[in-house]
Amino acid sequence: MACVPRPCPAVFGVLLFLAVTVSCLSRSDLLDYGVQFGDQLLDSGTDVTQKITLDQLVFFFDGEFDTVYVNTNGFVSLAEPPAESEYLGKMPVEFGVIASFLGDLDTSDGIGKVYFRQDSSPDVLQKIAEQITQAFPQKDEVEPTHAFIVTWENVIAHGAPERGDDLNKKRSTFQLVLTSMELSSYAILLYPKDELQYYSTLIEGERKPVEVGFSKGLIKGWFTWSSTQGPYYRVTTDNEDSVRELMLLTNSGRRGVWVYEIGSSTFSSVTPGQVTTVAPEDGVPVQSVTEIPEPTYSEPYSEQDETPDYPPYEAETFSPETPLVEIFTSTAALPEPEATSGSEILSRVEGVPPYAAQPSYPRASYPLPPRPQQPVQIQPVNPQVVIVDEQEEDLNVNVFSYYETCSTNSHKCSSFAECRDYTSGYCCHCKPGYYGNGKDCVAEGKPQRINGKVNGRIFVGSSPTPVEFSNNDLHSYVVANDGRAYVAISTIPASVGPSLQPLSSIGGVIGWAFALEQPGYENGFSVAGGVFTRQTEVTFQPGGEKLTISQEFKGIDEHDHVVVSTHLEGSIPEVPEGATVQIDPYYEIYQYSSNLITSSSTRDYTVTLPDGSAQTLVYLWRQSVSFQSCPHAEGLRSIPPSQQLSVDQVFVMYDSVNQLIRYAMSNKIGSVNGSPQQNPCYTGRHGCDTNAVCRPGQGNQFTCECAAGFRGDGRSCHDIDECIETPQICGAHAVCNNQPGTFRCECIEGFQFASDGHTCVQVDHPINHCERGTHDCDIRERAQCSYTGGSSYICSCLPGFSGDGRSCQDIDECQTDRCHRDAVCYNTQGSFTCQCRPGFHGDGFTCTPESEREKTACEKHRESTLAASSGGYFFFRPRPAVGQYVPTCDSYGEYEPTQCHGSTGQCWCVDRNGQEIPGTRTGPGSRPMCLEHSVFPTVFGPTTRPDVNLVSPGTNLLFAQSGKIDHIPLDGTNMKKEEAKTVIHVPDQVVIAVAYDCVDKMVYWSDITQPSISRASMQGGQPATIITKDLGSPEGIAIDNLSRNMYWTDSILDRIEVSTLDGRHRRLLFDNDLINPRAIVADPANGRLYWADWNRDGPKIEASNMDGTDRTVLVKGDLELPNGLTFDRHSRQLCWADAGTRKVECIDPYTRLRRKIVDGVHYPFAIVSYGRNLYYTDWRRESVVAVDRVAEREVDQFLPQKRSRTYGITTSFPQCPEAGVNYCSRDNGGCSHLCLPRPGGFTCRCPTLNDGSCVERDQNF
């Protein structure tokens, strides 16, 4: 349940317990903490414990304690805890513990802290009393006398990776308050919104959700010396959603605040707060947090309990909308009757066989109806708690149930389903034309796509080394109206690929889920929907190899695809490389019971070796499918207890070239006693479109009907674009994304779905006015805006200015004699310059007479030449001899870049040392184009003749690959891969960024080995290095072909700069609030600039005008490594590729409408847009990948002949795509140096190193 969009109030760090809003808790709402408030600090580390002697006893269950232990791992214990290996992931534990956020936590990085103190101040105790009173309204006198406050701030999960191109560290902050009165004690748990940034930690190599709850530990029996596990009150479940909901739900009337009575002198159990509604807000109706209809329960914990190897079943549970609560109690005095084993207890509780207990799945949860059983002790008042006690030799359970109705839960049904109320609760049912379990519904006849990842490891044959699977892609396509299923798993090495061929049923569950249904029978999706788990064990004969296949189907994603994760573990017999496998048609009997489906069979397969010999082998197959059905309408729906899956046309193949394992099969589900019906709709032999449903008629008659979301005659169907035909279908503040056969609504930025799942409501977030540019500080040339958190900021004048930050005046430094006495001072805005007077030399701060300055190499060269030619006589001004070359020096005494011979008329270029650059000498009457020495060219050979075009005519892709730039000609949007070739070879460089100027047909690139920016003409000629100084790691270049400027990012110096295209007039644009800027693109026609910063602690995409004004953050959420960035001026879409989220997304920078194009990409680096396609370079695939952004899928891939990492990418055109103009495209806007455009005008800007001849001005139109 989302929070009502109101900002969370802060009252100087003291918790507002009498909240009058329904907002979530924020960090500022926690009780004051820190050393300034008297807190002590726990030593840094990963499993640090400190003993604290309390000033007042604390009651816990039925005990009293004067000592507690604070631990890094998110808990306070009542006894000294053992090593973390003894308790992590093993709740309930043997010692008494209050688990606020129990997991493997870490504060050793110096950022995470654990604060604690004892507090008896009246103001703190008063606030605590008010909160307890709000959580327990029936309590009359609440007078706490002591509080123990523990705050875990910015703690990370142990083993979180370091900053870089890996997952960033996520941090969590939470607080525990233990407060005591004369006869009872309470625990208050506080979880600020968005401050729990992870919900699980790594324990013994496996991610496990953190745990919240209260465990008494071991208790001794009355008549025995043995100990048994005491009561355990569990707040969260084994699902991470229950941890996330700690911030969103409540039992105290304030989201994120949880209050429990944990012990007293008369009562020995934990009692939760009773207010699961939140306080109303100025006319807003009271909102109720969905209460837990029924808790999870299980047998008492015992170290002797065993779980059978196959299948690994658990107690059946039903996930609620609030964090789950469990209590387990046992009495040591009772004997252990043989008749009450764990599985039998579960069988009696749930009414299913002992092996049929199921795990919990949060997406498909319904409250159970009550069952007539013997009463037991039930915690009064609150339906969240069930106490299970052993009574003599029998265990009977009666459940207190809260019945939910469609009035508050209809949004949990599929948008293609209707909600119906029953006497004991509600159920979801798919509408006519759709099938599924009501939670997930898909259109009849519509093809289905299934995507996911495969992980695990497999030993092949006798190999001692397993083959590892790490996020291998699984893609499946099912033609639903004939039951054909196609499955492919990628990146399968040859060491295991051939041996996977017999295992067609890795994807067989997909065939079962969407099998062609015979009359009166239902496929897997109709029964279980899209959320279920499948556990399979395969035993091969005669070798006895065993493989376990675990698959979790997670429902339908935003692309209308079913998502599945697969884990493989075990060994398989080896199938030699080059061998083929044939699997004959087979049948499987599926047995159906409440929430469990099982099947087993024996499969034959024939292996044909390359020499033609064949061998028939066999394996045993056993599987179970666990799911959650709706129990309230079970009497109205009859599923045959047994159904037969018929599978034929089985095709398996290992594609060694593309490293793919492929499976295909036809699937039908029907009776175990007969063959399929002969109507074409039931055999699949009809001519209906793949997007149509076949409707059977009399005999063999049938009709074809386009599936919902498609239009046509049934033989030919095409998608209906609901977004175009019904523009307002998504309502206000939402954008509609069309998908095949359906559509999806997404709230625009700043809005989120309300609890109904359909209405977009505004989200109030703290505003960084500095980033947004909505502050009232003076202009950025005179003042700096500093963000201080929340929506606050401070203004301060820059050096060289004075004032309050909102109004800053220039300081005239020339009034304070800052320059040398032989220099002239010139005051400028925010600074000043000093210039030595005529006859003096220096920087203005130190001036010496010209006669005392040491001559430069050029001056000495010139002087010696003149002296030699004059014969040593200096009565007259020295003159050169006829035919003598005399160098020319500039005003600083350095060699002029262009030197000419006075007699012959020849001219040539020289380097900074006066040495002639080969190949630059011209004849009389002609002067070479020599670059300034700060941008001297680098020679790369061999030089191409000027009349040779380096690239093909037409549009080309240019991409960087280490020390070269290659090109791929485009035919429309298709890559002409056979014509790809290298156009620029720079073997001593690592080329990162690539950009293209369509006016001069020049390609620009950056090198990070000896940091530089270079360019070369695509019509032939020498490459030239134009910027070499003051560069760290230039990783992005943007060309403004209209204003003739170049922008670049530097991820080491953390800044963005601009210069003219030849590298002159260089100006710093931004050097604040940048960590790792990389990609940068320009929209010259509109005067806008965009760039991405892949800072792992706060990745973002920003925008500004091209003169540096109006800087704002465009995209910040759901980003990790936004490497590539491109802007398409035709569709006005800014698109990026993110190597962390592995997505390609686009946004309209003006409307902020954002949409995902593709996901599951590997490691994109750079991206460019052309036509309907996006092209990106991929580090891991070492390729150029084409994406159709209209169809939202990858359509092509180019693999260079020599494989290495691919970097920057751009497009080159034979002429500029359109003759655009901006305010700087004519006469440089009248500016003397830099003309920088912006919407509605331009700005004349001076270089950062200004020689005094530049004038700055703004021009608006």
# chains A, B, ... in the order shown; residues from 1 in each chain; ligands from 1
>>> residues_around(residues="stretch 1070-1080 of chain A", least_positions_apart="5", cutoff="6 Å", atoms="only C-alpha atoms", output="number ranges by chain")
A: 1035-1036, 1038, 1049, 1051, 1054-1056, 1090-1095, 1124-1125
>>> residues_around(residues="A:Phe525", least_positions_apart="5", cutoff="7 Å", atoms="only C-alpha atoms", output="PyMOL selection string")
chain A and resi 436+513-514+530
>>> write_last_selection(atoms="all heavy atoms", output="PDB file, in the first residue's frame")
ATOM      1  N   GLY A 436      -6.827 -18.047 -17.077  1.00  0.00           N
ATOM      2  CA  GLY A 436      -5.834 -17.874 -16.026  1.00  0.00           C
ATOM      3  C   GLY A 436      -6.502 -18.120 -14.686  1.00  0.00           C
ATOM      4  O   GLY A 436      -7.616 -18.633 -14.599  1.00  0.00           O
ATOM      5  N   ALA A 513       2.095 -25.379 -19.307  1.00  0.00           N
ATOM      6  CA  ALA A 513       1.373 -24.182 -18.870  1.00  0.00           C
ATOM      7  C   ALA A 513       0.439 -23.669 -19.960  1.00  0.00           C
ATOM      8  O   ALA A 513      -0.656 -23.171 -19.663  1.00  0.00           O
ATOM      9  CB  ALA A 513       2.360 -23.097 -18.447  1.00  0.00           C
ATOM     10  N   PHE A 514       0.858 -23.790 -21.233  1.00  0.00           N
ATOM     11  CA  PHE A 514       0.043 -23.249 -22.324  1.00  0.00           C
ATOM     12  C   PHE A 514      -0.349 -24.333 -23.325  1.00  0.00           C
ATOM     13  O   PHE A 514      -0.486 -24.078 -24.517  1.00  0.00           O
ATOM     14  CB  PHE A 514       0.804 -22.114 -23.017  1.00  0.00           C
ATOM     15  CG  PHE A 514       1.069 -20.943 -22.118  1.00  0.00           C
ATOM     16  CD1 PHE A 514       2.318 -20.754 -21.534  1.00  0.00           C
ATOM     17  CD2 PHE A 514       0.069 -20.028 -21.835  1.00  0.00           C
ATOM     18  CE1 PHE A 514       2.556 -19.681 -20.704  1.00  0.00           C
ATOM     19  CE2 PHE A 514       0.299 -18.948 -20.993  1.00  0.00           C
ATOM     20  CZ  PHE A 514       1.545 -18.772 -20.420  1.00  0.00           C
ATOM     21  N   GLY A 530       0.241 -17.311 -13.424  1.00  0.00           N
ATOM     22  CA  GLY A 530       1.647 -17.099 -13.773  1.00  0.00           C
ATOM     23  C   GLY A 530       2.596 -17.149 -12.609  1.00  0.00           C
ATOM     24  O   GLY A 530       3.793 -16.900 -12.782  1.00  0.00           O
TER      25      GLY A 530
END
>>> residues_around(residues="A:Cys785", least_positions_apart="6", cutoff="10 Å", atoms="only C-alpha atoms", output="ChimeraX atom specification")
/A:769-771,773,775-779,793-798,805-806
>>> residues_around(residues="A:Asn956", least_positions_apart="5", cutoff="9 Å", atoms="only C-alpha atoms", output="VMD selection string")
chain A and resid 951 967 to 971 975 1210 to 1214
>>> write_last_selection(atoms="all heavy atoms", output="compact mmCIF listing (two decimals), in the first residue's frame")
# COMPACT_ATOMS: atom_id res chain seq x y z
N VAL A 951 34.97 6.47 -46.13
CA VAL A 951 33.76 5.73 -45.84
C VAL A 951 32.90 5.65 -47.08
O VAL A 951 33.06 6.41 -48.03
CB VAL A 951 32.95 6.40 -44.70
CG1 VAL A 951 33.73 6.41 -43.43
CG2 VAL A 951 32.54 7.81 -45.09
N HIS A 967 33.69 1.38 -39.56
CA HIS A 967 32.42 1.87 -40.05
C HIS A 967 31.62 0.71 -40.63
O HIS A 967 32.16 -0.26 -41.16
CB HIS A 967 32.61 2.99 -41.08
CG HIS A 967 32.59 2.54 -42.51
ND1 HIS A 967 33.57 1.72 -43.04
CD2 HIS A 967 31.71 2.78 -43.51
CE1 HIS A 967 33.29 1.49 -44.31
NE2 HIS A 967 32.17 2.10 -44.63
N ILE A 968 30.28 0.81 -40.49
CA ILE A 968 29.35 -0.15 -41.05
C ILE A 968 28.35 0.63 -41.90
O ILE A 968 27.59 1.44 -41.36
CB ILE A 968 28.58 -0.92 -39.95
CG1 ILE A 968 29.52 -1.50 -38.90
CG2 ILE A 968 27.73 -2.03 -40.57
CD1 ILE A 968 28.80 -2.07 -37.69
N PRO A 969 28.34 0.43 -43.21
CA PRO A 969 27.35 1.13 -44.04
C PRO A 969 25.94 0.68 -43.67
O PRO A 969 25.71 -0.47 -43.27
CB PRO A 969 27.72 0.71 -45.46
CG PRO A 969 29.12 0.20 -45.38
CD PRO A 969 29.27 -0.38 -44.01
N LEU A 970 24.99 1.59 -43.80
CA LEU A 970 23.59 1.30 -43.52
C LEU A 970 22.79 1.34 -44.81
O LEU A 970 22.95 2.26 -45.64
CB LEU A 970 23.01 2.30 -42.52
CG LEU A 970 23.55 2.26 -41.09
CD1 LEU A 970 22.89 3.34 -40.25
CD2 LEU A 970 23.31 0.89 -40.46
N ASP A 971 21.94 0.35 -44.98
CA ASP A 971 20.96 0.32 -46.06
C ASP A 971 19.60 0.50 -45.40
O ASP A 971 19.01 -0.46 -44.90
CB ASP A 971 21.04 -1.01 -46.82
CG ASP A 971 20.05 -1.07 -47.98
OD1 ASP A 971 19.43 -0.03 -48.30
OD2 ASP A 971 19.89 -2.16 -48.55
N MET A 975 22.20 -3.05 -41.27
CA MET A 975 23.65 -2.99 -41.30
C MET A 975 24.19 -3.85 -42.45
O MET A 975 23.87 -5.04 -42.53
CB MET A 975 24.24 -3.44 -39.97
CG MET A 975 23.91 -2.54 -38.80
SD MET A 975 24.75 -3.01 -37.25
CE MET A 975 23.85 -4.50 -36.82
N THR A 1210 28.61 6.42 -33.31
CA THR A 1210 27.88 7.57 -33.86
C THR A 1210 27.51 7.24 -35.30
O THR A 1210 27.83 6.17 -35.81
CB THR A 1210 28.73 8.85 -33.78
OG1 THR A 1210 27.93 9.98 -34.11
CG2 THR A 1210 29.93 8.78 -34.72
N THR A 1211 26.83 8.17 -35.94
CA THR A 1211 26.46 8.02 -37.34
C THR A 1211 27.14 9.11 -38.15
O THR A 1211 27.33 10.23 -37.68
CB THR A 1211 24.94 8.11 -37.53
OG1 THR A 1211 24.45 9.26 -36.84
CG2 THR A 1211 24.25 6.88 -37.01
N SER A 1212 27.52 8.78 -39.39
CA SER A 1212 28.05 9.78 -40.33
C SER A 1212 27.10 9.86 -41.52
O SER A 1212 26.53 8.84 -41.94
CB SER A 1212 29.45 9.40 -40.79
OG SER A 1212 29.43 8.23 -41.60
N PHE A 1213 26.92 11.07 -42.06
CA PHE A 1213 25.99 11.32 -43.14
C PHE A 1213 26.72 11.96 -44.32
O PHE A 1213 27.67 12.72 -44.12
CB PHE A 1213 24.86 12.25 -42.68
CG PHE A 1213 24.16 11.81 -41.43
CD1 PHE A 1213 24.58 12.28 -40.19
CD2 PHE A 1213 23.11 10.92 -41.49
CE1 PHE A 1213 23.94 11.87 -39.03
CE2 PHE A 1213 22.46 10.51 -40.34
CZ PHE A 1213 22.88 10.99 -39.10
N PRO A 1214 26.25 11.71 -45.54
CA PRO A 1214 26.86 12.38 -46.69
C PRO A 1214 26.59 13.88 -46.68
O PRO A 1214 27.35 14.67 -47.23
CB PRO A 1214 26.20 11.70 -47.89
CG PRO A 1214 24.90 11.15 -47.35
CD PRO A 1214 25.20 10.77 -45.94
>>> residues_around(residues="stretch 852-864 of chain A", least_positions_apart="5", cutoff="7 Å", atoms="only C-alpha atoms", output="list in words")
Val886, Pro887, Cys889, Gly893, Glu894 and Tyr895 of chain A
>>> closest_residue(among="A:Ala867, A:Ala99, A:Leu1153, A:Ala157", to="A:Lys216", atoms="only C-alpha atoms")
A:Ala99
>>> residues_around(residues="A:Leu617", least_positions_apart="3", cutoff="9 Å", atoms="only C-alpha atoms", output="list in words")
Phe540, Gln541, Pro542, Arg603, Asp604, Tyr605, Thr606 and Val607 of chain A
>>> write_last_selection(atoms="N, CA and C atoms", output="compact mmCIF listing (two decimals), in the first residue's frame")
# COMPACT_ATOMS: atom_id res chain seq x y z
N PHE A 540 19.18 -40.38 -14.16
CA PHE A 540 19.57 -41.03 -15.41
C PHE A 540 19.98 -42.47 -15.14
N GLN A 541 19.61 -43.34 -16.08
CA GLN A 541 20.00 -44.74 -16.02
C GLN A 541 20.90 -45.06 -17.22
N PRO A 542 21.91 -45.88 -17.06
CA PRO A 542 22.17 -46.71 -15.88
C PRO A 542 23.16 -46.09 -14.90
N ARG A 603 11.32 -41.59 -19.34
CA ARG A 603 11.53 -41.06 -20.69
C ARG A 603 12.63 -41.87 -21.39
N ASP A 604 12.37 -42.19 -22.64
CA ASP A 604 13.39 -42.78 -23.50
C ASP A 604 13.91 -41.71 -24.44
N TYR A 605 15.19 -41.78 -24.73
CA TYR A 605 15.77 -40.89 -25.74
C TYR A 605 16.88 -41.64 -26.47
N THR A 606 17.05 -41.33 -27.72
CA THR A 606 18.03 -42.02 -28.57
C THR A 606 19.14 -41.05 -28.94
N VAL A 607 20.37 -41.45 -28.65
CA VAL A 607 21.55 -40.65 -28.98
C VAL A 607 22.19 -41.26 -30.22
>>> residues_around(residues="A:Cys834", least_positions_apart="4", cutoff="10 Å", atoms="only C-alpha atoms", output="ChimeraX atom specification")
/A:814,818-820,822-827,842-847
>>> closest_residue(among="A:Gly445, A:Pro137, A:Tyr198, A:Thr151", to="A:Ser252", atoms="only C-alpha atoms")
A:Pro137
>>> closest_residue(among="A:Ile556, A:Gln138, A:Leu190, A:Gly217", to="A:Val93", atoms="only C-alpha atoms")
A:Gly217
>>> select_by_dssp(residues="stretch 1110-1247 of chain A", states="strand (DSSP E or B)", output="count of residues only")
67
>>> select_by_dssp(residues="stretch 473-685 of chain A", states="alpha helix (DSSP H)", output="PyMOL selection string")
chain A and resi 508-513+524-528+680-683
>>> closest_atom_pairs(of="stretch 720-746 of chain A", to="stretch 1137-1152 of chain A", cutoff="12 Å", atoms="only C-alpha atoms", output="Markdown table")
| residue | atom | partner | partner_atom | distance |
| --- | --- | --- | --- | --- |
| A:His733 | CA | A:Thr1151 | CA | 10.6 |
| A:Ala734 | CA | A:Arg1152 | CA | 10.9 |
| A:Val735 | CA | A:Arg1152 | CA | 10.2 |
| A:Glu746 | CA | A:Arg1152 | CA | 11.8 |
>>> write_last_selection(atoms="N, CA, C and O atoms", output="PDB file, in the first residue's frame")
ATOM      1  N   HIS A 733      -2.497  12.084 -15.869  1.00  0.00           N
ATOM      2  CA  HIS A 733      -1.134  11.933 -15.344  1.00  0.00           C
ATOM      3  C   HIS A 733      -0.545  10.559 -15.658  1.00  0.00           C
ATOM      4  O   HIS A 733       0.262  10.032 -14.893  1.00  0.00           O
ATOM      5  N   ALA A 734      -0.991   9.956 -16.739  1.00  0.00           N
ATOM      6  CA  ALA A 734      -0.492   8.633 -17.113  1.00  0.00           C
ATOM      7  C   ALA A 734      -0.174   8.632 -18.595  1.00  0.00           C
ATOM      8  O   ALA A 734      -0.714   9.423 -19.370  1.00  0.00           O
ATOM      9  N   VAL A 735       0.710   7.733 -18.993  1.00  0.00           N
ATOM     10  CA  VAL A 735       1.059   7.547 -20.394  1.00  0.00           C
ATOM     11  C   VAL A 735       0.706   6.118 -20.776  1.00  0.00           C
ATOM     12  O   VAL A 735       0.864   5.180 -19.980  1.00  0.00           O
ATOM     13  N   GLU A 746       1.312   3.785 -17.454  1.00  0.00           N
ATOM     14  CA  GLU A 746       2.384   4.123 -16.512  1.00  0.00           C
ATOM     15  C   GLU A 746       2.206   5.566 -16.084  1.00  0.00           C
ATOM     16  O   GLU A 746       1.938   6.441 -16.909  1.00  0.00           O
TER      17      GLU A 746
END
>>> atom_distance(atom1="atom CA of A:Glu143", atom2="atom CA of A:Ser121")
12.6 Å
>>> atom_distance(atom1="atom CA of A:Ile549", atom2="atom CA of A:Phe627")
16.7 Å
>>> closest_residue(among="A:Cys704, A:Leu474, A:Ile489, A:Cys694", to="A:Leu516", atoms="only C-alpha atoms")
A:Cys694
